[in-house]
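Trainee: Dropping a structure here in structure tokens format, bear with me for questions.
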Amino acid sequence: MGRILNQVMARRAMMERKSNLAFVMGAAALLTACGEATEEAPPSPVNDIDPQVARALNDPLMIDPDLSHRNEANAAITIGYDHALPSFKANEATASRAREAARLELLEEGPLADLPIPQSPAGLVNLAQVWDVPGVLAALKLPEECQSDIAGDFAFAADMPPGAGIMPHGMVRVAAASNSSACAMRLVRYTTPAPIEDVLQYHFNTADRARIDPVYFEAPERIVKGERRGKNIEVHARLGSGNLTEVDLVYWARR
């Protein structure tokens with residue numbers, strides 16, 4: 001009897017060992033199969049799922065022809081010039097929109113003043129043929145401390161002193177500034193579809209409201225010039241290409 005019982009127990013132990021071995025081998029095979037499936041699985045076909053993503057990833061990089069020609073490796077002063085954006089067209093509709101936007105802005109603070117009788121020019125210059133920022137500052141005979149540490153950035157056009165903001169619908173072509181300890185200077189060259197008369201009326205009113213005592217001149221070009229208590233502003237306007245009005249706006253104040 002004891003011998004039979006021992007045989008039964010031995011058989012049961014052998015069966016348990018075989019069962020455990022089979023389980024381990026099955027688990028190993030399953031893991032191996034999972035690993036092989038992971039290694040051999042193809043990548044997710046993203047390009048097939050979203051055509052827009054595929055186009056964004058596979059299209060060649062575009063090149064801006066207006067910016068690619070610039071090489072400022074040897075530039076002493078880097079200023080943003082005329083190639084950042086396409087110019088708008090000047091016609092009766094765009095001129096009317098610019099004029100009305102300027103008038104509405106001014107009327108919010110009171111009635112508009114017309115341009116006064118032009119004064120006789122004395123010591124004024126024509127900036128039509130002056131192309132660079134240092135040339136403009138030198139032509140206007142700004143103090144030396146206002147011509148140092150010049151930096152160019154379109155953001156300066158959005159951070160102008162009171163009385164020296166650009167006209168609504170104006171398109172900035174050049175913006176530069178000097179913020180030395182002795183002088184604060186802003187220079188903006190912009191174009192607008194508004195007529196010269198409206199441009200100068202706008203700048204005359206804004207300078208007058210900032211108490212910079214503007215004066216109007218018709219020679220050597222159309223100019224509004226103001227000066228009071230160390231604050232100076234000079235605005236030159238002329239007819240440019242495409243019937244756009246070209247404007248040079250310079251403000252400086254000694255500290």
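Going through the structure tokens in order, the chains are called A, B, and so on, while each chain numbers its residues from 1 and the ligands are numbered from 1 in the order shown.
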Please identify every residue of range 85-191 of chain A that has at least one atom no farther than 10 Å from an atom of range 227-244 of chain A, counting only C-alpha atoms, and for each give the shortest atom pair and the distance in Å to one decimal, arranged by chain then increasing number, as JSON lines.
Mentor:
```
{"residue": "A:Ser87", "atom": "CA", "partner": "A:Gly242", "partner_atom": "CA", "distance": 9.3}
{"residue": "A:Phe88", "atom": "CA", "partner": "A:Leu244", "partner_atom": "CA", "distance": 8.8}
{"residue": "A:Lys89", "atom": "CA", "partner": "A:Gly242", "partner_atom": "CA", "distance": 7.0}
{"residue": "A:Ala90", "atom": "CA", "partner": "A:Leu244", "partner_atom": "CA", "distance": 5.7}
{"residue": "A:Asn91", "atom": "CA", "partner": "A:Asn243", "partner_atom": "CA", "distance": 7.9}
{"residue": "A:Ala95", "atom": "CA", "partner": "A:Leu244", "partner_atom": "CA", "distance": 9.1}
{"residue": "A:Leu124", "atom": "CA", "partner": "A:Glu234", "partner_atom": "CA", "distance": 9.9}
{"residue": "A:Val125", "atom": "CA", "partner": "A:His236", "partner_atom": "CA", "distance": 9.3}
{"residue": "A:Asn126", "atom": "CA", "partner": "A:His236", "partner_atom": "CA", "distance": 8.0}
{"residue": "A:Leu127", "atom": "CA", "partner": "A:His236", "partner_atom": "CA", "distance": 7.3}
{"residue": "A:Ala128", "atom": "CA", "partner": "A:Arg238", "partner_atom": "CA", "distance": 7.6}
{"residue": "A:Leu140", "atom": "CA", "partner": "A:Glu234", "partner_atom": "CA", "distance": 8.7}
{"residue": "A:Leu142", "atom": "CA", "partner": "A:Asn232", "partner_atom": "CA", "distance": 9.7}
{"residue": "A:Gly163", "atom": "CA", "partner": "A:Ile233", "partner_atom": "CA", "distance": 8.4}
{"residue": "A:Ala164", "atom": "CA", "partner": "A:Ile233", "partner_atom": "CA", "distance": 7.2}
{"residue": "A:Cys183", "atom": "CA", "partner": "A:Gly230", "partner_atom": "CA", "distance": 9.9}
{"residue": "A:Ala184", "atom": "CA", "partner": "A:Lys231", "partner_atom": "CA", "distance": 9.5}
{"residue": "A:Met185", "atom": "CA", "partner": "A:Asn232", "partner_atom": "CA", "distance": 9.5}
{"residue": "A:Arg186", "atom": "CA", "partner": "A:Ile233", "partner_atom": "CA", "distance": 9.5}
{"residue": "A:Leu187", "atom": "CA", "partner": "A:Glu234", "partner_atom": "CA", "distance": 9.8}
{"residue": "A:Val188", "atom": "CA", "partner": "A:Val235", "partner_atom": "CA", "distance": 9.7}
{"residue": "A:Arg189", "atom": "CA", "partner": "A:His236", "partner_atom": "CA", "distance": 9.5}
{"residue": "A:Tyr190", "atom": "CA", "partner": "A:Ala237", "partner_atom": "CA", "distance": 9.7}
{"residue": "A:Thr191", "atom": "CA", "partner": "A:Leu244", "partner_atom": "CA", "distance": 6.2}
```
Trainee: Tell me, which residues of range 162-219 of chain A carry DSSP strand (DSSP E), written as a PyMOL selection string?
Mentor: chain A and resi 171-179+183-192+214-217
Trainee: Identify, on the basis of only C-alpha atoms, every residue whose closest approach to Val215 in chain A does not exceed 8 Å; exclude the query and any residue fewer than 3 positions from it along the same chain; express the result as an MDAnalysis selection string.
Mentor: chainID A and resid 116 118:119 204 224:226
Trainee: Got time to write the residues from that selection, N, CA, C and O atoms, as a CSV table (one decimal), in the first residue's frame?
Mentor:
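Saved result, again12.csv, follows:
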```
chain,number,residue,atom,x,y,z
A,116,PRO,N,-1.3,125.7,-41.1
A,116,PRO,CA,-1.2,127.1,-41.1
A,116,PRO,C,-0.5,127.6,-42.4
A,116,PRO,O,-0.1,126.8,-43.2
A,118,PRO,N,2.4,128.6,-44.6
A,118,PRO,CA,3.8,128.1,-44.6
A,118,PRO,C,4.7,129.2,-44.3
A,118,PRO,O,4.6,130.3,-44.7
A,119,GLN,N,5.7,128.9,-43.5
A,119,GLN,CA,6.8,129.8,-43.1
A,119,GLN,C,7.9,129.8,-44.1
A,119,GLN,O,8.1,128.8,-44.9
A,204,PHE,N,1.0,117.6,-37.9
A,204,PHE,CA,1.0,119.0,-37.3
A,204,PHE,C,0.1,118.9,-36.0
A,204,PHE,O,0.4,119.5,-35.0
A,224,VAL,N,6.9,119.5,-41.7
A,224,VAL,CA,6.4,120.0,-40.4
A,224,VAL,C,7.5,119.9,-39.4
A,224,VAL,O,8.1,118.8,-39.2
A,225,LYS,N,7.9,120.9,-38.7
A,225,LYS,CA,9.0,120.9,-37.8
A,225,LYS,C,8.6,121.6,-36.5
A,225,LYS,O,7.9,122.7,-36.5
A,226,GLY,N,9.0,121.0,-35.4
A,226,GLY,CA,8.6,121.5,-34.1
A,226,GLY,C,9.8,121.4,-33.1
A,226,GLY,O,10.6,120.5,-33.2
```
Trainee: Could you please determine the separation between CA of Gly123 in chain A and CA of Arg254 in chain A in Å, to one decimal place?
Mentor: 20.5 Å
Trainee: Would you kindly return, as a ChimeraX atom specification, each protein, DNA or RNA residue with an atom no farther than 9 Å from any atom of Ser180 in chain A, considering only C-alpha atoms and excluding same-chain residues fewer than 5 positions away?
Mentor: /A:145-146,148-150,185,255
Trainee: Could you pull out all residues of range 86-223 of chain A with a DSSP call of helix (DSSP H, G or I) and give them as a PyMOL selection string?
Mentor: chain A and resi 92-107+133-139+144-146+154-158+196-209
Trainee: Could you tell me which of A:Gln147, A:Gly135, A:Asn205, A:Ala175 comes closest to Leu106 in chain A if we count only C-alpha atoms?
Mentor: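 Closest to Leu106 in chain A, using only C-alpha atoms: A:Asn205.
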Trainee: Between A:Asp208, A:Glu197, A:Glu144, A:Asp159, which one has atoms that come closest to Val247 in chain A, using only C-alpha atoms?
Mentor: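 Nearest candidate to Val247 in chain A out of A:Asp208, A:Glu197, A:Glu144, A:Asp159: A:Glu197.
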Trainee: Of the candidates A:Gly170, A:Pro111, A:Pro162, A:Pro121, which one gets nearest to Glu246 in chain A if we count only C-alpha atoms?
Mentor: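 With only C-alpha atoms as the atom set, the closest residue is A:Gly170.
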Trainee: For a test of reading the model, state the distance in Å between CA of His169 in chain A and CA of Ala210 in chain A, rounded to one decimal.
Mentor: 21.2 Å
Trainee: Rank A:Thr192, A:Val250, A:Ser96, A:Met160 by their smallest atom-to-atom distance to Ala139 in chain A, using only C-alpha atoms, and report the top residue only.
Mentor: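 Closest to Ala139 in chain A, using only C-alpha atoms: A:Val250.
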Trainee: Considering only C-alpha atoms, state which residue in the set A:Glu105, A:Thr94, A:Asp213, A:Asp114 is at the smallest distance from Gln201 in chain A.
Mentor: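 Residue with the minimum atom-to-atom distance to Gln201 in chain A: A:Asp114.
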